[in-house]
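Okay, entry.txt now, which holds compact mmCIF, C-alpha atoms:
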```txt
# COMPACT_ATOMS: atom_id res chain seq x y z
CA MET W 220 90.93 54.10 79.48
CA CYS W 221 93.92 53.14 77.36
CA VAL W 222 94.53 50.90 74.36
CA ARG W 223 96.19 47.64 75.32
CA PRO W 224 98.32 45.48 72.99
CA ARG W 225 96.50 42.38 71.79
CA THR W 226 97.35 39.17 70.02
CA GLY W 227 94.46 39.31 67.54
CA PHE W 228 96.76 40.12 64.60
CA VAL W 229 97.41 36.37 64.28
CA ILE W 230 94.37 34.09 64.24
CA PRO W 231 94.76 31.21 66.72
CA GLU W 232 95.45 27.93 64.95
CA LEU W 233 92.46 26.14 66.48
CA THR W 234 90.14 28.96 65.45
CA VAL W 235 91.41 28.73 61.86
CA ARG W 236 91.01 24.96 61.72
CA VAL W 237 87.49 24.92 63.12
CA ALA W 238 86.34 27.90 61.02
CA ARG W 239 87.65 26.33 57.80
CA ALA W 240 86.08 23.00 58.61
CA SER W 241 82.66 24.46 59.45
CA ASN W 242 82.66 27.09 56.66
CA PRO W 243 84.66 25.67 53.73
CA ARG W 244 83.36 28.37 51.38
CA GLY W 245 83.95 31.13 53.89
CA THR W 246 81.60 33.86 55.09
CA THR W 247 81.46 37.64 54.86
CA ALA W 248 83.24 37.93 58.21
CA MET W 249 85.98 35.54 57.11
CA ALA W 250 86.39 37.30 53.75
CA ILE W 251 87.10 40.62 55.51
CA ARG W 252 89.94 38.96 57.41
CA ASP W 253 91.28 36.91 54.48
CA HIS W 254 91.30 39.63 51.81
CA LEU W 255 92.02 42.69 53.91
CA ASP W 256 93.83 41.23 56.93
CA GLY W 257 91.36 43.21 59.02
CA LEU W 258 90.28 46.77 58.31
CA TRP W 259 92.12 48.49 61.18
CA SER W 260 94.75 47.99 63.84
CA ASP W 261 94.63 49.20 67.43
CA GLU W 262 97.33 51.77 66.66
CA ASP W 263 94.82 53.62 64.48
CA PHE W 264 92.79 54.42 67.60
CA GLU W 265 95.50 55.40 70.08
CA GLU W 266 94.71 59.13 69.94
CA TRP W 267 91.13 58.41 71.03
CA TYR W 268 92.26 57.08 74.42
CA SER W 269 94.45 58.28 77.26
CA ARG W 270 97.90 56.82 77.83
CA ASP W 271 97.01 55.39 81.22
CA GLY W 272 93.97 53.99 82.97
CA LYS W 273 92.03 50.78 82.71
CA PRO W 274 92.80 48.84 79.49
CA ALA W 275 89.99 49.15 76.96
CA LEU W 276 88.63 46.46 74.70
CA SER W 277 90.34 46.32 71.33
CA PRO W 278 88.92 49.29 69.34
CA ALA W 279 89.92 47.62 66.05
CA GLN W 280 87.81 44.61 66.99
CA LEU W 281 84.87 46.81 68.04
CA ALA W 282 85.07 48.75 64.77
CA THR W 283 85.11 45.50 62.78
CA VAL W 284 82.11 44.20 64.73
CA SER W 285 80.28 47.47 63.95
CA VAL W 286 80.88 46.92 60.22
CA LEU W 287 79.65 43.31 60.38
CA GLN W 288 76.68 44.45 62.43
CA PHE W 289 75.70 46.88 59.66
CA LEU W 290 76.26 44.37 56.87
CA LEU W 291 74.22 41.64 58.56
CA GLU W 292 71.60 44.02 60.03
CA LEU W 293 72.17 42.94 63.63
CA SER W 294 71.14 44.71 66.81
CA ASP W 295 73.77 45.41 69.46
CA ARG W 296 72.64 42.40 71.45
CA GLN W 297 72.69 40.14 68.36
CA ALA W 298 76.14 41.40 67.37
CA ALA W 299 77.54 40.69 70.85
CA GLU W 300 75.96 37.22 70.76
CA SER W 301 77.54 36.60 67.36
CA VAL W 302 80.98 37.47 68.73
CA ARG W 303 80.40 35.03 71.58
CA ASN W 304 78.85 32.19 69.56
CA ARG W 305 79.84 32.41 65.87
CA ILE W 306 83.11 30.87 64.79
CA ASP W 307 83.44 33.07 61.70
CA PHE W 308 83.23 36.19 63.89
CA LYS W 309 86.00 34.83 66.12
CA TYR W 310 88.01 34.14 62.98
CA ALA W 311 87.54 37.69 61.69
CA LEU W 312 88.51 39.16 65.05
CA GLY W 313 91.44 36.81 65.73
CA MET W 314 89.90 35.47 68.94
CA GLU W 315 90.31 32.19 70.79
CA LEU W 316 87.28 29.88 70.57
CA GLU W 317 86.71 30.10 74.32
CA ASP W 318 86.79 33.93 74.34
CA PRO W 319 83.45 35.09 75.88
CA GLY W 320 83.40 38.39 73.96
CA PHE W 321 81.90 41.49 75.55
CA HIS W 322 78.62 42.99 76.78
CA HIS W 323 76.40 44.46 74.05
CA SER W 324 76.38 47.93 75.70
CA VAL W 325 80.03 48.33 74.73
CA LEU W 326 79.00 48.86 71.10
CA SER W 327 76.85 51.92 71.82
CA ASP W 328 79.66 53.40 73.95
CA PHE W 329 82.07 52.85 71.08
CA ARG W 330 79.74 54.55 68.59
CA GLU W 331 79.50 57.60 70.85
CA ARG W 332 83.29 57.82 70.85
CA LEU W 333 83.28 57.33 67.07
CA ALA W 334 80.74 60.11 66.44
CA SER W 335 82.93 63.02 67.60
CA GLU W 336 85.65 65.03 65.87
CA GLY W 337 85.23 63.44 62.45
CA ARG W 338 86.58 60.10 63.66
CA ALA W 339 84.21 58.08 61.48
CA ASP W 340 85.54 59.79 58.35
CA LYS W 341 89.12 59.02 59.39
CA LEU W 342 88.29 55.34 59.85
CA LEU W 343 86.55 55.23 56.47
CA ASP W 344 89.67 56.70 54.84
CA LEU W 345 91.90 54.10 56.51
CA ALA W 346 89.60 51.27 55.40
CA LEU W 347 89.47 52.62 51.84
CA GLU W 348 93.26 52.63 51.68
CA LYS W 349 93.32 48.90 52.41
CA ILE W 350 90.44 48.20 50.05
CA ARG W 351 92.13 50.21 47.30
CA ALA W 352 95.40 48.36 47.86
CA VAL W 353 93.78 45.00 47.02
CA GLY W 354 92.11 46.40 43.90
CA LEU W 355 88.49 46.51 45.03
CA VAL W 356 88.32 50.27 44.44
CA ARG W 357 89.88 51.48 41.21
CA GLU W 358 91.12 54.84 40.11
CA ARG W 359 88.67 56.55 37.74
CA GLY W 360 86.11 53.84 38.42
CA ARG W 361 82.38 54.45 38.17
CA GLN W 362 80.54 55.69 41.27
CA ARG W 363 76.99 56.69 42.06
CA THR W 364 75.44 58.78 44.81
CA ASP W 365 71.99 58.50 46.32
CA SER W 366 70.38 59.94 49.43
CA THR W 367 67.88 58.89 52.05
CA HIS W 368 65.97 60.95 54.56
CA VAL W 369 66.96 60.97 58.23
CA LEU W 370 64.34 61.93 60.80
CA ALA W 371 65.32 64.39 63.50
CA ALA W 372 64.56 63.30 67.05
CA VAL W 373 62.01 66.09 67.48
CA ARG W 374 58.24 66.39 67.76
CA ASN W 375 56.12 67.74 64.91
CA LEU W 376 55.00 71.21 65.92
CA THR W 377 52.69 73.79 64.40
CA ARG W 378 54.12 77.31 64.10
CA LEU W 379 52.33 78.47 67.24
CA GLU W 380 53.47 75.37 69.14
CA LEU W 381 57.01 76.02 67.92
CA VAL W 382 57.10 79.55 69.31
CA THR W 383 55.40 78.47 72.55
CA GLU W 384 57.81 75.58 73.10
CA ALA W 385 60.80 77.79 72.30
CA MET W 386 59.58 80.27 74.94
CA ARG W 387 59.22 77.49 77.50
CA ALA W 388 62.70 76.13 76.74
CA ALA W 389 64.27 79.58 77.05
CA LEU W 390 62.54 80.24 80.37
CA GLU W 391 63.75 76.91 81.73
CA GLU W 392 67.29 77.68 80.60
CA LEU W 393 67.23 81.10 82.27
CA ALA W 394 65.70 79.64 85.43
CA ARG W 395 68.55 77.14 85.68
CA ARG W 396 71.28 79.73 85.14
CA ALA W 397 69.91 82.75 87.00
CA PRO W 398 66.57 82.07 88.74
CA HIS W 399 66.68 85.23 90.85
CA GLU W 400 66.77 87.40 87.70
CA LEU W 401 63.28 86.25 86.67
CA ILE W 402 61.57 87.40 89.88
CA GLY W 403 58.92 89.96 88.96
CA LEU W 404 59.00 89.00 85.28
CA VAL W 405 57.41 85.54 85.26
CA THR W 406 53.73 85.83 86.14
CA GLU W 407 51.07 83.27 86.97
CA ASP W 408 49.75 83.54 83.41
CA TRP W 409 53.20 82.68 82.09
CA GLY W 410 53.25 79.66 84.35
CA LYS W 411 49.97 78.46 82.84
CA ARG W 412 51.07 79.12 79.26
CA TYR W 413 54.65 77.84 79.44
CA GLY W 414 54.69 75.53 82.44
CA ARG W 415 54.32 72.38 80.35
CA ALA W 416 55.15 71.10 76.87
CA ALA W 417 53.17 72.88 74.14
CA ARG W 418 50.38 70.68 72.78
CA LEU W 419 47.92 73.00 71.07
CA GLY W 420 47.13 71.03 67.93
CA LYS W 421 46.29 72.43 64.52
CA ASN W 422 43.07 74.05 65.71
CA PRO W 423 43.69 75.58 69.15
CA SER W 424 40.99 77.57 70.90
CA LYS W 425 41.20 81.35 70.41
CA PRO W 426 44.17 81.14 68.02
CA LYS W 427 44.43 84.90 67.38
CA THR W 428 44.53 85.62 71.11
CA ARG W 429 47.18 82.95 71.67
CA ILE W 430 49.30 84.27 68.79
CA LYS W 431 49.07 87.83 70.13
CA GLU W 432 49.85 86.90 73.74
CA THR W 433 52.71 84.59 72.85
CA GLY W 434 54.32 87.14 70.57
CA GLU W 435 54.13 89.86 73.20
CA ASP W 436 55.52 87.53 75.87
CA VAL W 437 58.48 86.52 73.73
CA TYR W 438 59.19 90.11 72.72
CA LEU W 439 59.12 91.20 76.37
CA LEU W 440 61.43 88.37 77.46
CA LEU W 441 63.98 89.02 74.69
CA ARG W 442 64.12 92.73 75.50
CA TYR W 443 64.40 91.97 79.22
CA VAL W 444 67.30 89.55 78.67
CA HIS W 445 69.03 91.99 76.34
CA ARG W 446 68.83 94.82 78.88
CA TYR W 447 69.13 93.16 82.28
CA MET W 448 70.75 89.76 81.58
CA PRO W 449 73.36 90.39 78.84
CA ALA W 450 75.57 87.55 80.04
CA LEU W 451 72.77 85.07 79.23
CA ARG W 452 71.93 86.33 75.74
CA ASP W 453 74.09 83.66 74.12
CA GLY W 454 72.37 80.75 75.83
CA GLU W 455 71.44 77.98 73.38
CA GLN W 456 67.70 78.19 73.98
CA VAL W 457 67.64 82.00 74.14
CA ARG W 458 69.36 82.15 70.74
CA ALA W 459 66.90 79.61 69.36
CA LEU W 460 63.98 81.65 70.70
CA ARG W 461 65.33 84.81 69.08
CA GLN W 462 65.65 83.11 65.68
CA ILE W 463 62.24 81.45 65.87
CA PHE W 464 60.60 84.73 66.92
CA VAL W 465 62.12 86.61 63.96
CA GLN W 466 61.03 83.88 61.55
CA ASN W 467 57.42 83.89 62.74
CA TYR W 468 56.83 87.50 63.86
CA CYS W 469 57.72 90.95 62.60
CA ILE W 470 57.56 94.25 64.49
CA ASN W 471 54.93 96.64 63.14
CA ALA W 472 54.88 100.45 63.15
CA GLN W 473 53.44 100.47 66.67
CA ASN W 474 56.44 98.47 67.92
CA ARG W 475 54.29 95.38 68.50
CA PRO W 476 54.83 91.80 67.30
CA LYS W 477 52.81 90.88 64.23
CA TRP W 478 52.26 87.29 63.07
CA ARG W 479 53.80 86.57 59.67
CA GLU W 480 51.21 85.23 57.22
CA PRO W 481 52.12 82.89 54.33
CA GLU W 482 50.46 85.14 51.75
CA GLY W 483 52.52 88.09 52.96
CA ALA W 484 55.74 86.50 51.67
CA GLY W 485 57.26 87.10 55.08
CA LEU W 486 57.93 83.49 56.06
CA PRO W 487 61.43 82.10 55.51
CA PRO W 488 61.97 79.28 52.99
CA SER W 489 62.21 75.72 54.30
CA ALA W 490 65.97 75.77 53.76
CA VAL W 491 66.37 78.14 56.71
CA ALA W 492 63.12 77.77 58.69
CA ILE W 493 63.70 76.27 62.15
CA VAL W 494 61.32 73.43 63.02
CA SER W 495 62.35 72.72 66.63
CA PRO W 496 63.96 74.77 69.42
CA TYR W 497 65.91 71.67 70.45
CA ASP W 498 67.58 71.08 67.07
CA VAL W 499 67.93 74.30 65.10
CA THR W 500 69.74 72.48 62.25
CA ALA W 501 66.78 70.22 61.36
CA ARG W 502 64.69 71.27 58.36
CA PHE W 503 61.39 70.37 56.71
CA ALA W 504 61.55 68.76 53.27
CA ARG W 505 59.27 67.01 50.82
CA ARG W 506 59.98 64.47 48.10
CA GLY W 507 56.90 63.27 46.30
CA ASP W 508 54.60 61.90 48.97
CA THR W 509 57.36 61.76 51.60
CA ARG W 510 57.50 64.63 54.06
CA TRP W 511 59.85 64.79 57.01
CA LYS W 512 61.76 67.06 59.39
CA GLY W 513 65.42 66.27 59.70
CA PHE W 514 68.33 65.71 57.36
CA LEU W 515 69.55 63.94 54.23
CA ALA W 516 72.26 61.27 54.23
CA HIS W 517 74.11 61.15 50.88
CA VAL W 518 75.94 57.87 50.23
CA THR W 519 78.44 57.35 47.39
CA GLU W 520 79.43 53.83 46.29
CA THR W 521 81.36 52.19 43.50
CA CYS W 522 79.29 50.55 40.75
CA ASP W 523 81.75 48.77 38.44
CA GLN W 524 80.26 45.51 37.19
CA ASP W 525 83.18 43.22 38.06
CA THR W 526 83.81 44.48 41.60
CA PRO W 527 81.66 44.61 44.74
CA SER W 528 79.84 47.83 45.57
CA ILE W 529 81.84 49.68 48.23
CA ILE W 530 80.79 52.86 50.05
CA THR W 531 83.43 55.52 49.49
CA ASP W 532 81.82 58.59 51.05
CA VAL W 533 78.96 59.52 53.38
CA THR W 534 77.77 63.10 53.87
CA THR W 535 74.91 64.37 56.01
CA THR W 536 73.24 67.64 55.01
CA LYS W 537 70.12 69.59 55.89
CA ALA W 538 66.95 68.06 54.48
CA ALA W 539 66.35 70.88 52.00
CA VAL W 540 69.67 70.38 50.20
CA HIS W 541 69.28 68.88 46.72
CA ASP W 542 71.28 65.84 45.64
```

If you convert what's in this file into structure tokens, what do you get?
Amino acid sequence: MCVRPRTGFVIPELTVRVARASNPRGTTAMAIRDHLDGLWSDEDFEEWYSRDGKPALSPAQLATVSVLQFLLELSDRQAAESVRNRIDFKYALGMELEDPGFHHSVLSDFRERLASEGRADKLLDLALEKIRAVGLVRERGRQRTDSTHVLAAVRNLTRLELVTEAMRAALEELARRAPHELIGLVTEDWGKRYGRAARLGKNPSKPKTRIKETGEDVYLLLRYVHRYMPALRDGEQVRALRQIFVQNYCINAQNRPKWREPEGAGLPPSAVAIVSPYDVTARFARRGDTRWKGFLAHVTETCDQDTPSIITDVTTTKAAVHD
């Protein structure tokens, strides 16, 4: 897809006349266009798209819709309907009144493109330049930072479930990449233990036996991969299994895995403890009565009394990082 030139830099006369007549005091969408002349231009997005191919929808318009969607707390479907039906949205986007807009799925596709290579930060910097130019963000002005928790898209697992699920994920990864290498290693017992998602609960039957068997299985698999499958040692799930095993087991004097107990001071702190084999960056954290596994989003905004509050920086960190 490529970026196509558009005529949205100048608002159609009929759109201006109808928008002013129906909203004499203006709206948030109209204020963005009036005071900032739009936040971005299509040229700001050219490096995101190829030089040839099917013309894409205006990325500047999609970015502006995404901002309005956040401000007005709209779903993708509601935002697309607003572009199609609301005159102030057409005013902000420089669209003809009869323009049908776009399908709501376009917004999620645009966000996926926005989420890679630090593109969101670049767009924020471009928007801040325009906002600073009109005096809404001042040099040496007051700012404040607060954070909110972000849940990781992972299941809550006990420690035993974590190791069991990591073993299952590693076996599936190895089976996809080199199934013939596992012949003679994977037994029927392994199929029963790791053939489905781990759901043992907080009080599984025969916990000591399960802990012993799982530790020995993982230790055997890691040694087998290291010796006979060196090309697969750096697989994502194999690396996760290795880290999770080290965090939950140690090797005793008899060269056997031993379960790390909390009172033995052998468990890693929450700042480094992995909570899911599918997202090794997520962490457990607690603030007062709130407990979660995931991340922290730190948001900085201006707080001068005579200017609107404007977000100037957003940073996502691991959940255990302090403000």

_Non-local contacts of segment 323-336 of chain W (12 Å; all atoms listed in the file; under 5 positions in same chain excluded) as an MDAnalysis selection string_ = chainID W and resid 264 266:268 275:286 288 293:303 341:343

*Out of W:Val491, W:Ala248, W:Ile230, W:Leu419, which residue has the shortest atom-to-atom distance to Gly313 of chain W when counting all atoms listed in the file?*
W:Ile230

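Closest approach to Leu255 of chain W among W:Ala352, W:Ala417, W:Ile470, W:Leu381: W:Ala352, based on all atoms listed in the file.
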
_Between W:Thr246, W:Asn471, W:Thr433, W:Thr428, which residue has the minimum interatomic distance to Arg412 of chain W, considering only C-alpha atoms?_
W:Thr433

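From atom CA of Glu407 of chain W back to atom CA of Glu392 of chain W, the distance works out to 18.3 Å.
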
*Which residue out of W:Leu290, W:Val382, W:Ala539, W:Ala472 has the minimum interatomic distance to Ala501 of chain W when all atoms listed in the file are used?*
W:Ala539

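Among W:Ala538, W:Leu316, W:Ala311, W:Ile529, the residue with the shortest atom-to-atom distance to Arg357 of chain W, counting only C-alpha atoms, is W:Ile529.
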
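Comparing W:Pro527, W:Gln466, W:Leu233, W:Thr406 by their smallest distance to Glu317 of chain W, the closest is W:Leu233 (using all atoms listed in the file).
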
*Which residues, written as a PyMOL selection string, have at least one atom at most 12 Å from segment 463-465 of chain W, with all atoms listed in the file counted and residues fewer than 6 positions away on the same chain left out?*
chain W and resi 378-386+389+430+433-441+456-457+476-479+485-487+491-499

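With atom CA of Gly454 of chain W on one side and atom CA of Val405 of chain W on the other, the separation reads 18.3 Å.
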
*Within 7 Å of segment 362-366 of chain W, counting only C-alpha atoms, which residues show up once you throw out same-chain ones fewer than 4 positions away? Write them as a PyMOL selection string, please.*
chain W and resi 515-522

*asked:* Between atom CA of Tyr447 of chain W and atom CA of Arg461 of chain W, what distance in Å does the model show, to one decimal?
replied: 16.1 Å
